[in-house]
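Report on one structure; see the data block that follows.
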Amino acid sequence: LNSEVGRLVKFPVRGGLHWLGALLQPAAWRCGWEFLTERKGPVSMAASQVCAFVNSGLEQEGAPDLQFHFQPMSTTGTPAVYLDDFDAFTSSVCILRPESRGRLELLPDRSLRISPNYLATEKDQQLALRSLDLAREVSQHPLLREIGAEEVDPPEKTDIAYARRVAETIYHPAGTCKMGPSDDPSAVVDAQLKVHGLEGL
């Protein structure tokens, strides 16, 4: 199992319109009506309004190894389902090519155990810490400082334990099982994705 995990860093701002106040604005009702009747407009947009691919600088090659998603809001919960009661933006940063590998296990009682094993390698851990540093660097841009961007509950120390605490899945899992014929002992599935040695899976 190979899956991306992102770190979420929240930055409250001042001068915004609280979501409850925004809901009472005529523009909000117009946008809501447009979405309900035509399925378009600002309300139809995804939460992540800005995306950036960045090279962390940890390796010599110039290919991006981190992806930023910027959301014009702050949420709580996993999955993130509750809007926070303060105006903010969130920087979510994920490692594009994580080395860490998890596993799926079919247990004797036929239940499935999923062990993602996030941030298991030293390289992934270094990238996780670097992603937090970069999110903070972005928040120091003069235009963001003008609106008072300041990190929510910054840690006394940014270490891998903190990176794990603020990490959430990006829900982009990919399997790493080999595809091949049944006479290949290292192949798990055939060309139709049927698992060798098991019926109906």
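We label chains A, B, ... in the order they appear in the structure tokens, count residues from 1 in each chain, and number ligands from 1 in the order shown.
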When DSSP is applied to the backbone of this structure, which of range 84-167 of chain A are assigned alpha helix (DSSP H)? Write them out as a ChimeraX atom specification.
/A:122-139,142-146,160-165
Counting only C-alpha atoms, what are the residues of range 90-184 of chain A within 10 Å of range 46-57 of chain A, and for each of them which pair of atoms is the nearest and at what distance in Å, to one decimal? Sort the table by chain and rising number, as a Markdown table.
| residue | atom | partner | partner_atom | distance |
| --- | --- | --- | --- | --- |
| A:Thr90 | CA | A:Ser48 | CA | 9.1 |
| A:Ser91 | CA | A:Ser48 | CA | 9.3 |
| A:Ser92 | CA | A:Ser48 | CA | 9.1 |
| A:Val93 | CA | A:Ala52 | CA | 9.3 |
| A:Cys94 | CA | A:Phe53 | CA | 9.8 |
| A:Ile95 | CA | A:Ser56 | CA | 9.7 |
| A:Leu96 | CA | A:Phe53 | CA | 8.9 |
| A:Gln126 | CA | A:Ser56 | CA | 9.7 |
| A:Leu127 | CA | A:Ser56 | CA | 7.1 |
| A:Ala128 | CA | A:Ser56 | CA | 9.9 |
| A:Arg130 | CA | A:Ser56 | CA | 6.7 |
| A:Ser131 | CA | A:Ser56 | CA | 7.3 |
| A:Asp133 | CA | A:Ser56 | CA | 9.8 |
| A:Leu134 | CA | A:Ser56 | CA | 8.0 |
Output all heavy atoms for every residue in the selection just made, as a tab-separated table (two decimals), in the first residue's frame.
chain	number	residue	atom	x	y	z
A	90	THR	N	-5.71	27.47	5.15
A	90	THR	CA	-4.97	26.27	5.52
A	90	THR	C	-4.00	25.91	4.41
A	90	THR	O	-4.36	25.92	3.23
A	90	THR	CB	-5.93	25.09	5.76
A	90	THR	OG1	-6.85	25.44	6.80
A	90	THR	CG2	-5.18	23.83	6.15
A	91	SER	N	-2.77	25.60	4.79
A	91	SER	CA	-1.79	25.04	3.86
A	91	SER	C	-1.71	23.55	4.13
A	91	SER	O	-1.37	23.13	5.23
A	91	SER	CB	-0.40	25.64	4.10
A	91	SER	OG	-0.36	26.98	3.73
A	92	SER	N	-2.05	22.77	3.13
A	92	SER	CA	-1.93	21.32	3.22
A	92	SER	C	-0.82	20.91	2.26
A	92	SER	O	-0.88	21.23	1.08
A	92	SER	CB	-3.25	20.66	2.82
A	92	SER	OG	-3.10	19.27	2.73
A	93	VAL	N	0.20	20.24	2.77
A	93	VAL	CA	1.35	19.88	1.95
A	93	VAL	C	1.54	18.36	2.00
A	93	VAL	O	1.55	17.77	3.07
A	93	VAL	CB	2.64	20.56	2.45
A	93	VAL	CG1	3.72	20.46	1.38
A	93	VAL	CG2	2.40	22.00	2.84
A	94	CYS	N	1.68	17.75	0.81
A	94	CYS	CA	1.90	16.31	0.80
A	94	CYS	C	3.16	15.96	0.01
A	94	CYS	O	3.61	16.71	-0.85
A	94	CYS	CB	0.69	15.57	0.23
A	94	CYS	SG	0.41	15.82	-1.52
A	95	ILE	N	3.72	14.81	0.35
A	95	ILE	CA	4.89	14.27	-0.33
A	95	ILE	C	4.39	13.58	-1.60
A	95	ILE	O	3.51	12.71	-1.53
A	95	ILE	CB	5.63	13.27	0.58
A	95	ILE	CG1	6.09	13.98	1.85
A	95	ILE	CG2	6.80	12.63	-0.15
A	95	ILE	CD1	6.58	13.03	2.94
A	96	LEU	N	4.95	13.95	-2.74
A	96	LEU	CA	4.46	13.42	-4.02
A	96	LEU	C	4.85	11.96	-4.26
A	96	LEU	O	4.07	11.20	-4.83
A	96	LEU	CB	4.97	14.28	-5.17
A	96	LEU	CG	4.31	15.65	-5.28
A	96	LEU	CD1	4.96	16.47	-6.38
A	96	LEU	CD2	2.82	15.50	-5.56
A	126	GLN	N	12.11	13.63	6.62
A	126	GLN	CA	12.77	14.89	6.29
A	126	GLN	C	11.87	15.77	5.43
A	126	GLN	O	11.77	16.99	5.65
A	126	GLN	CB	14.09	14.63	5.56
A	126	GLN	CG	15.17	14.04	6.42
A	126	GLN	CD	16.41	13.67	5.61
A	126	GLN	OE1	16.42	13.69	4.38
A	126	GLN	NE2	17.48	13.32	6.32
A	127	LEU	N	11.19	15.14	4.46
A	127	LEU	CA	10.28	15.91	3.61
A	127	LEU	C	9.09	16.45	4.41
A	127	LEU	O	8.64	17.57	4.16
A	127	LEU	CB	9.78	15.04	2.45
A	127	LEU	CG	10.75	14.84	1.30
A	127	LEU	CD1	10.28	13.74	0.37
A	127	LEU	CD2	10.95	16.13	0.54
A	128	ALA	N	8.60	15.68	5.35
A	128	ALA	CA	7.48	16.15	6.19
A	128	ALA	C	7.88	17.40	6.97
A	128	ALA	O	7.14	18.38	7.02
A	128	ALA	CB	7.04	15.04	7.14
A	130	ARG	N	10.37	19.46	6.26
A	130	ARG	CA	10.64	20.54	5.31
A	130	ARG	C	9.33	21.16	4.82
A	130	ARG	O	9.24	22.37	4.63
A	130	ARG	CB	11.45	20.00	4.13
A	130	ARG	CG	11.76	21.04	3.07
A	130	ARG	CD	12.70	22.11	3.58
A	130	ARG	NE	12.99	23.06	2.52
A	130	ARG	CZ	12.96	24.38	2.68
A	130	ARG	NH1	12.70	24.91	3.86
A	130	ARG	NH2	13.22	25.17	1.68
A	131	SER	N	8.28	20.34	4.64
A	131	SER	CA	7.00	20.86	4.16
A	131	SER	C	6.40	21.83	5.17
A	131	SER	O	5.80	22.85	4.80
A	131	SER	CB	6.03	19.72	3.87
A	131	SER	OG	5.55	19.10	5.04
A	133	ASP	N	8.15	23.70	7.27
A	133	ASP	CA	8.96	24.93	7.16
A	133	ASP	C	8.53	25.77	5.96
A	133	ASP	O	8.41	26.99	6.06
A	133	ASP	CB	10.45	24.58	7.03
A	133	ASP	CG	11.04	23.98	8.31
A	133	ASP	OD1	10.43	24.18	9.38
A	133	ASP	OD2	12.09	23.33	8.22
A	134	LEU	N	8.29	25.11	4.83
A	134	LEU	CA	7.88	25.84	3.63
A	134	LEU	C	6.51	26.49	3.80
A	134	LEU	O	6.29	27.62	3.35
A	134	LEU	CB	7.87	24.91	2.42
A	134	LEU	CG	9.24	24.51	1.88
A	134	LEU	CD1	9.10	23.41	0.83
A	134	LEU	CD2	9.96	25.72	1.29
Can you tell me, as a PyMOL selection string, which residues in range 5-199 of chain A count as strand (DSSP E) by DSSP?
chain A and resi 5-12+50-54+66-71+75-76+82-83+88-95+103-106+112-115+167-169
